[in-house]
Structure formats: C-alpha cells, structure tokens
>>> print(open('entry_6.cif').read())   # mmCIF, C-alpha atoms
data_upload
loop_
_atom_site.label_atom_id
_atom_site.label_comp_id
_atom_site.auth_asym_id
_atom_site.auth_seq_id
_atom_site.Cartn_x
_atom_site.Cartn_y
_atom_site.Cartn_z
CA MET A 18 40.86 -28.33 19.58
CA LYS A 19 43.07 -26.11 21.67
CA ARG A 20 41.50 -23.16 23.44
CA TRP A 21 43.62 -20.56 21.64
CA MET A 22 42.30 -21.90 18.31
CA LEU A 23 38.68 -22.11 19.51
CA LEU A 24 38.30 -18.40 20.26
CA PRO A 25 39.19 -17.17 16.72
CA CYS A 26 36.86 -19.79 15.26
CA LEU A 27 33.97 -18.63 17.43
CA PHE A 28 34.66 -15.02 16.49
CA LEU A 29 34.69 -15.90 12.78
CA ALA A 30 31.44 -17.84 13.09
CA THR A 31 29.78 -14.91 14.88
CA LEU A 32 31.03 -12.50 12.22
CA LEU A 33 29.71 -14.66 9.38
CA ALA A 34 26.34 -15.00 11.10
CA ALA A 35 26.12 -11.25 11.57
CA GLN A 36 26.94 -10.67 7.90
CA SER A 37 24.35 -13.19 6.75
CA ASN A 38 21.74 -11.40 8.92
CA ALA A 39 22.82 -7.91 7.90
CA PRO A 40 19.79 -5.62 7.87
CA ILE A 41 18.44 -3.87 4.82
CA PRO A 42 19.30 -0.19 5.46
CA ALA A 43 16.70 2.49 6.16
CA GLY A 44 15.96 4.49 3.03
CA THR A 45 16.07 1.44 0.75
CA ALA A 46 13.47 1.66 -2.02
CA LEU A 47 11.13 -1.27 -2.59
CA MET A 48 9.56 -1.42 -6.06
CA VAL A 49 6.17 -3.05 -5.57
CA ARG A 50 3.48 -4.12 -8.04
CA LEU A 51 0.05 -3.57 -6.47
CA GLU A 52 -2.16 -6.66 -6.79
CA THR A 53 -5.28 -5.21 -5.15
CA THR A 54 -7.34 -2.41 -6.70
CA LEU A 55 -7.96 0.35 -4.14
CA ALA A 56 -10.58 3.09 -4.67
CA THR A 57 -12.11 5.81 -2.51
CA PHE A 58 -15.62 4.84 -3.63
CA SER A 59 -15.40 1.09 -2.92
CA ASN A 60 -12.90 0.53 -0.12
CA HIS A 61 -13.04 1.21 3.61
CA VAL A 62 -10.39 2.16 6.14
CA GLY A 63 -8.83 -1.05 7.43
CA ASP A 64 -9.23 -2.99 4.18
CA PRO A 65 -6.16 -5.13 3.36
CA PHE A 66 -4.04 -4.76 0.25
CA ARG A 67 -1.40 -6.98 -1.32
CA GLY A 68 1.52 -6.45 -3.67
CA SER A 69 4.73 -8.13 -4.79
CA LEU A 70 8.32 -6.99 -5.25
CA LYS A 71 9.14 -6.28 -8.89
CA GLN A 72 12.88 -6.17 -8.25
CA PRO A 73 15.06 -8.03 -5.72
CA VAL A 74 16.68 -6.12 -2.87
CA VAL A 75 20.44 -6.75 -2.93
CA VAL A 76 22.82 -5.68 -0.15
CA ASP A 77 26.59 -6.20 -0.52
CA GLY A 78 26.03 -8.57 -3.42
CA LYS A 79 23.57 -10.73 -1.48
CA THR A 80 19.87 -10.95 -2.37
CA LEU A 81 17.97 -10.39 0.87
CA LEU A 82 14.49 -9.91 -0.60
CA PRO A 83 13.82 -11.78 -3.86
CA ALA A 84 11.55 -10.54 -6.62
CA GLY A 85 8.07 -11.87 -5.99
CA ALA A 86 8.22 -11.48 -2.20
CA VAL A 87 4.75 -10.49 -0.99
CA ILE A 88 3.99 -7.13 0.60
CA GLU A 89 0.86 -6.83 2.73
CA GLY A 90 -0.73 -3.84 4.42
CA ARG A 91 -3.99 -2.00 5.01
CA VAL A 92 -5.83 1.15 3.99
CA THR A 93 -5.51 3.98 6.52
CA LYS A 94 -7.33 6.88 4.84
CA LEU A 95 -9.95 7.48 2.14
CA SER A 96 -11.08 10.96 1.17
CA GLU A 97 -13.36 12.26 -1.61
CA PRO A 98 -13.52 16.05 -1.09
CA ARG A 99 -15.33 18.41 -3.39
CA ARG A 100 -13.04 19.76 -6.08
CA ILE A 101 -12.82 23.15 -4.40
CA SER A 102 -11.70 21.47 -1.14
CA GLY A 103 -8.71 19.47 -2.38
CA LYS A 104 -7.66 16.26 -4.05
CA PRO A 105 -9.02 12.77 -3.34
CA THR A 106 -6.71 10.72 -1.14
CA ILE A 107 -5.83 7.09 -0.46
CA GLY A 108 -3.57 6.35 2.50
CA ILE A 109 -1.92 2.95 2.83
CA LEU A 110 0.27 1.36 5.51
CA PRO A 111 2.66 -1.45 4.49
CA GLU A 112 2.87 -3.88 7.40
CA ALA A 113 4.64 -7.10 6.40
CA VAL A 114 6.90 -8.73 3.84
CA ILE A 115 6.52 -12.47 3.22
CA LEU A 116 9.34 -14.47 1.66
CA PRO A 117 8.72 -17.39 -0.74
CA SER A 118 9.70 -19.70 2.15
CA GLY A 119 6.69 -18.41 4.11
CA GLU A 120 8.71 -16.39 6.63
CA ARG A 121 6.89 -13.20 7.55
CA TYR A 122 8.66 -10.03 8.75
CA TYR A 123 7.34 -6.75 10.14
CA LEU A 124 7.73 -3.94 7.61
CA ASP A 125 8.04 -0.25 8.49
CA ALA A 126 7.86 1.58 5.17
CA THR A 127 6.15 4.58 3.57
CA LEU A 128 4.73 5.12 0.09
CA THR A 129 6.82 7.74 -1.75
CA ASP A 130 5.74 7.50 -5.40
CA THR A 131 3.53 5.79 -8.00
CA ASN A 132 3.62 5.54 -11.79
CA ILE A 133 0.19 7.19 -12.25
CA PRO A 134 0.56 10.40 -14.32
CA GLY A 135 -0.73 13.60 -12.73
CA SER A 136 -0.85 12.11 -9.25
CA ASP A 137 1.23 12.93 -6.19
CA VAL A 138 2.27 11.43 -2.85
CA ASN A 139 2.44 13.75 0.15
CA ASN A 140 5.00 13.63 2.96
CA GLU A 141 2.70 11.37 4.97
CA GLY A 142 2.80 8.70 2.28
CA GLN A 143 -0.74 9.35 1.04
CA PHE A 144 -1.64 9.03 -2.63
CA LYS A 145 -3.24 12.18 -4.07
CA ALA A 146 -5.10 11.82 -7.36
CA SER A 147 -5.45 14.59 -9.91
CA GLY A 148 -8.22 17.10 -9.14
CA HIS A 149 -8.86 18.05 -12.78
CA ASP A 150 -8.71 15.90 -15.89
CA ARG A 151 -9.61 15.91 -19.60
CA ARG A 152 -13.22 14.93 -18.90
CA ASP A 153 -13.65 18.05 -16.79
CA SER A 154 -12.29 20.24 -19.62
CA ILE A 155 -14.72 18.65 -22.08
CA GLU A 156 -17.58 19.14 -19.63
CA GLN A 157 -16.73 22.80 -19.06
CA GLY A 158 -16.24 23.41 -22.79
CA GLY A 159 -19.57 21.76 -23.55
CA GLY A 160 -21.36 23.99 -21.05
CA THR A 161 -19.83 27.13 -22.54
CA ALA A 162 -20.69 26.07 -26.09
CA GLY A 163 -24.25 25.19 -25.12
CA GLY A 164 -24.73 28.60 -23.51
CA MET A 165 -23.33 30.38 -26.55
CA LEU A 166 -25.67 28.46 -28.87
CA ILE A 167 -28.76 29.35 -26.85
CA GLY A 168 -27.63 32.96 -26.46
CA GLY A 169 -27.02 33.28 -30.20
CA LEU A 170 -30.45 31.96 -31.04
CA VAL A 171 -32.09 34.36 -28.64
CA GLY A 172 -30.07 37.57 -28.84
CA GLY A 173 -27.62 37.48 -31.76
CA PRO A 174 -23.93 38.39 -31.19
CA VAL A 175 -24.55 39.95 -27.79
CA GLY A 176 -26.53 36.91 -26.75
CA ILE A 177 -23.64 34.66 -27.77
CA LEU A 178 -21.29 36.42 -25.35
CA VAL A 179 -23.82 36.52 -22.54
CA GLY A 180 -24.89 32.93 -23.10
CA GLY A 181 -21.30 31.75 -23.17
CA ALA A 182 -20.56 33.47 -19.85
CA ILE A 183 -23.70 32.04 -18.25
CA GLY A 184 -22.95 28.56 -19.60
CA ALA A 185 -19.38 28.65 -18.37
CA GLY A 186 -20.45 29.90 -14.95
CA SER A 187 -23.11 27.26 -14.47
CA THR A 188 -20.76 24.50 -15.59
CA THR A 189 -18.02 25.72 -13.25
CA GLY A 190 -20.48 25.74 -10.34
CA HIS A 191 -21.57 22.22 -11.20
CA TRP A 192 -17.92 21.10 -11.49
CA LEU A 193 -17.00 22.57 -8.11
CA SER A 194 -19.95 20.84 -6.42
CA LYS A 195 -18.96 17.36 -7.59
CA HIS A 196 -16.73 14.94 -5.71
CA ARG A 197 -13.60 13.51 -7.24
CA SER A 198 -12.66 9.89 -6.59
CA ALA A 199 -9.21 8.30 -6.54
CA THR A 200 -8.20 4.84 -7.70
CA LEU A 201 -5.02 2.79 -7.39
CA PRO A 202 -5.65 0.00 -9.90
CA ALA A 203 -4.07 -3.42 -9.65
CA GLY A 204 -0.81 -3.35 -11.58
CA THR A 205 0.17 0.13 -10.32
CA GLN A 206 3.85 0.44 -9.46
CA LEU A 207 4.36 1.66 -5.91
CA THR A 208 7.68 2.89 -4.54
CA LEU A 209 8.02 2.20 -0.82
CA GLU A 210 10.89 3.48 1.33
CA LEU A 211 12.04 1.75 4.50
CA ASN A 212 11.71 3.99 7.56
CA ARG A 213 14.15 1.88 9.57
CA PRO A 214 16.49 -1.05 8.86
CA LEU A 215 14.83 -4.37 8.11
CA ALA A 216 16.65 -7.29 9.75
CA LEU A 217 15.52 -10.69 8.54
CA THR A 218 16.32 -12.43 11.82
CA ALA A 219 13.07 -12.71 13.77
CA PRO A 220 10.09 -13.67 11.60
CA VAL A 221 6.65 -12.79 12.89
CA THR A 222 4.73 -15.96 13.65
CA THR A 223 0.98 -16.26 13.53
CA PRO A 224 -0.82 -18.57 15.98
CA ALA A 225 -1.67 -21.93 14.48
CA ALA A 226 -5.33 -22.69 13.91
CA THR A 227 -6.86 -24.97 16.51
CA THR A 228 -8.11 -28.24 15.08
CA PRO A 229 -11.50 -29.72 16.03
CA ALA A 230 -9.70 -32.61 17.77
CA GLU A 231 -7.95 -30.13 20.04
CA THR A 232 -11.19 -28.44 21.07
CA ALA A 233 -13.38 -31.53 21.41
CA PRO A 234 -14.46 -32.19 25.02
CA PRO A 235 -13.08 -35.35 26.67
CA ALA A 236 -15.16 -38.46 26.36
CA ALA A 237 -17.57 -39.06 29.21
CA ALA A 238 -16.56 -41.72 31.72
CA PRO A 239 -18.68 -44.92 31.62
CA ALA A 240 -21.50 -45.06 34.13
CA PRO A 241 -20.84 -47.30 37.18
CA ASP A 242 -22.38 -50.75 37.15
CA SER A 243 -25.70 -50.61 39.02
CA GLY A 244 -26.38 -54.33 38.93
CA SER A 245 -27.49 -56.16 42.11
CA LYS A 246 -24.85 -57.75 44.32
#
>>> encode(input="entry_6.cif", output="structure tokens")
Amino acid sequence: MKRWMLLPCLFLATLLAAQSNAPIPAGTALMVRLETTLATFSNHVGDPFRGSLKQPVVVDGKTLLPAGAVIEGRVTKLSEPRRISGKPTIGILPEAVILPSGERYYLDATLTDTNIPGSDVNNEGQFKASGHDRRDSIEQGGGTAGGMLIGGLVGGPVGILVGGAIGAGSTTGHWLSKHRSATLPAGTQLTLELNRPLALTAPVTTPAATTPAETAPPAAAPAPDSGSK
C-alpha cells in the first residue's frame, strides 16, 4: 500500500477506535435495582452492597452498559438520631460497574433519588428516611385518647380536657425520645448520577488468587550417599 493511502487509513482506524471507546458523559443517570437490603439497625459502615442496571445506557445509538450490568459499592454512613435531632440516614458509595463479560470498571457516581415515598436524598448523596409516619400518628392519638378516658372517669368534662392534654404531652415526649431507623430494602430503585465521564477502556483488574501449587515449598534435595567407599 502506498504511503499516501496508509495515512488516511490509520486516521480512520484511530477515529473508529475512539468512537467505539467514547465515554459515557458525566451527568448520565443510571437506574439501578438494589439487590442488598441496607438498614441502619443491621449494617455497619464499610459493608458492601450490590445492584443491577434496570435499563441499558445508550450513547449515540450504541449500548455501552447493558441492562443487568452489576453495580457494587459500600456503605459510608449510618445514622439513627432521635426524632427531635433529624432523620435517619444511609450513605452509600458506588465504586464499580461489572459487565456481563466480567470486565470491571471504576465508577464515580452519586445517589440522587429513590422510589421510596416520603424519603429524600441530600446533596451529599445520602438517603434520608421519613422522620414521622402513620404509626407515630396512631401512637400519639392513642396516648391522647387514653388520657381523655382516664380524665373523664376521674373528673368529668374538665378531667377529659386535662387528661387529653396530659396524655398527648406524655406521648409526644415518648415519641421524641425514640430513635428512628432507615431501611433501603432489596428491590428499591436507586437513581445514580455519574460525577465524571465513564470510559470503558481500562478495566480494573483484581489480582489472581495464588494456588497451593504456587505457594508450596520446593522439594527437599536427596541426602548424599553416606555409604563406605
């Protein structure tokens, strides 16, 4: 092939390779199904979690991350404050995406949303559970009703009002003293957002396990013959 034809061919090959390795842009949303239940009362910081892509990631008509690709990460924060102090929190850090072929890539992404009603995700990517739910309303209502019943039996109409106020106050104090837990059950839909482009060009390799044969000490040399000459 003549030299003047070789240069355009090399340029075209380089261009095609660059297009095939085009990165997934920063800001791309990854829809992930959580496969590990995470809870403030049972997990510890550093615990791993696992999920899978619900939808493929397509860039310029090309599927770069197929549905079912595995997402792995770890828990970074667990908090169970008293109700008066704030909402319970679960912080997670996505760390890797694993393709069906087994290739593993570093993932820099942040949690931005979940499908759990009444919950929230702060600007640090931490899941915030609801601080007040229907069970709390029933508990507070039951305390008020119980106080009104006792007050009515003791002091008539005035006792009903006083008893109701006392019952409500004691229940509120009890409610404020309790801790609220947070749970991300398996099956929860997580929305992750890429913090920087993800280029699928340099998979992260893990060191291969050493086999017993590789670690076995060399066989001892035979003892010299000590027979008489």
>>> atom_distance(input="entry_6.cif", atom1="atom CA of Leu70 of chain A", atom2="atom CA of Gly108 of chain A")
19.5 Å
>>> resolve_selection(input="entry_6.cif", expression="the PyMOL selection byres ((chain A and resi 77-90) around 8)", output="list in words")
Ile41, Val49, Pro65, Phe66, Arg67, Gly68, Ser69, Leu70, Lys71, Gln72, Pro73, Val74, Val75, Val76, Arg91, Val92, Ile109, Leu110, Pro111, Glu112, Ala113, Val114, Ile115, Leu116 and Pro117 of chain A
>>> residues_around(input="entry_6.cif", residues="Val138 of chain A", least_positions_apart="2", cutoff="10 Å", atoms="all atoms listed in the file", output="CSV table (one decimal) with C-alpha atoms, in the coordinates of the input")
chain,number,residue,atom,x,y,z
A,106,THR,CA,-6.7,10.7,-1.1
A,107,ILE,CA,-5.8,7.1,-0.5
A,108,GLY,CA,-3.6,6.4,2.5
A,128,LEU,CA,4.7,5.1,0.1
A,129,THR,CA,6.8,7.7,-1.8
A,130,ASP,CA,5.7,7.5,-5.4
A,131,THR,CA,3.5,5.8,-8.0
A,136,SER,CA,-0.8,12.1,-9.2
A,140,ASN,CA,5.0,13.6,3.0
A,141,GLU,CA,2.7,11.4,5.0
A,142,GLY,CA,2.8,8.7,2.3
A,143,GLN,CA,-0.7,9.4,1.0
A,144,PHE,CA,-1.6,9.0,-2.6
A,145,LYS,CA,-3.2,12.2,-4.1
A,146,ALA,CA,-5.1,11.8,-7.4
>>> atom_distance(input="entry_6.cif", atom1="atom CA of Gly44 of chain A", atom2="atom CA of Asp125 of chain A")
10.7 Å
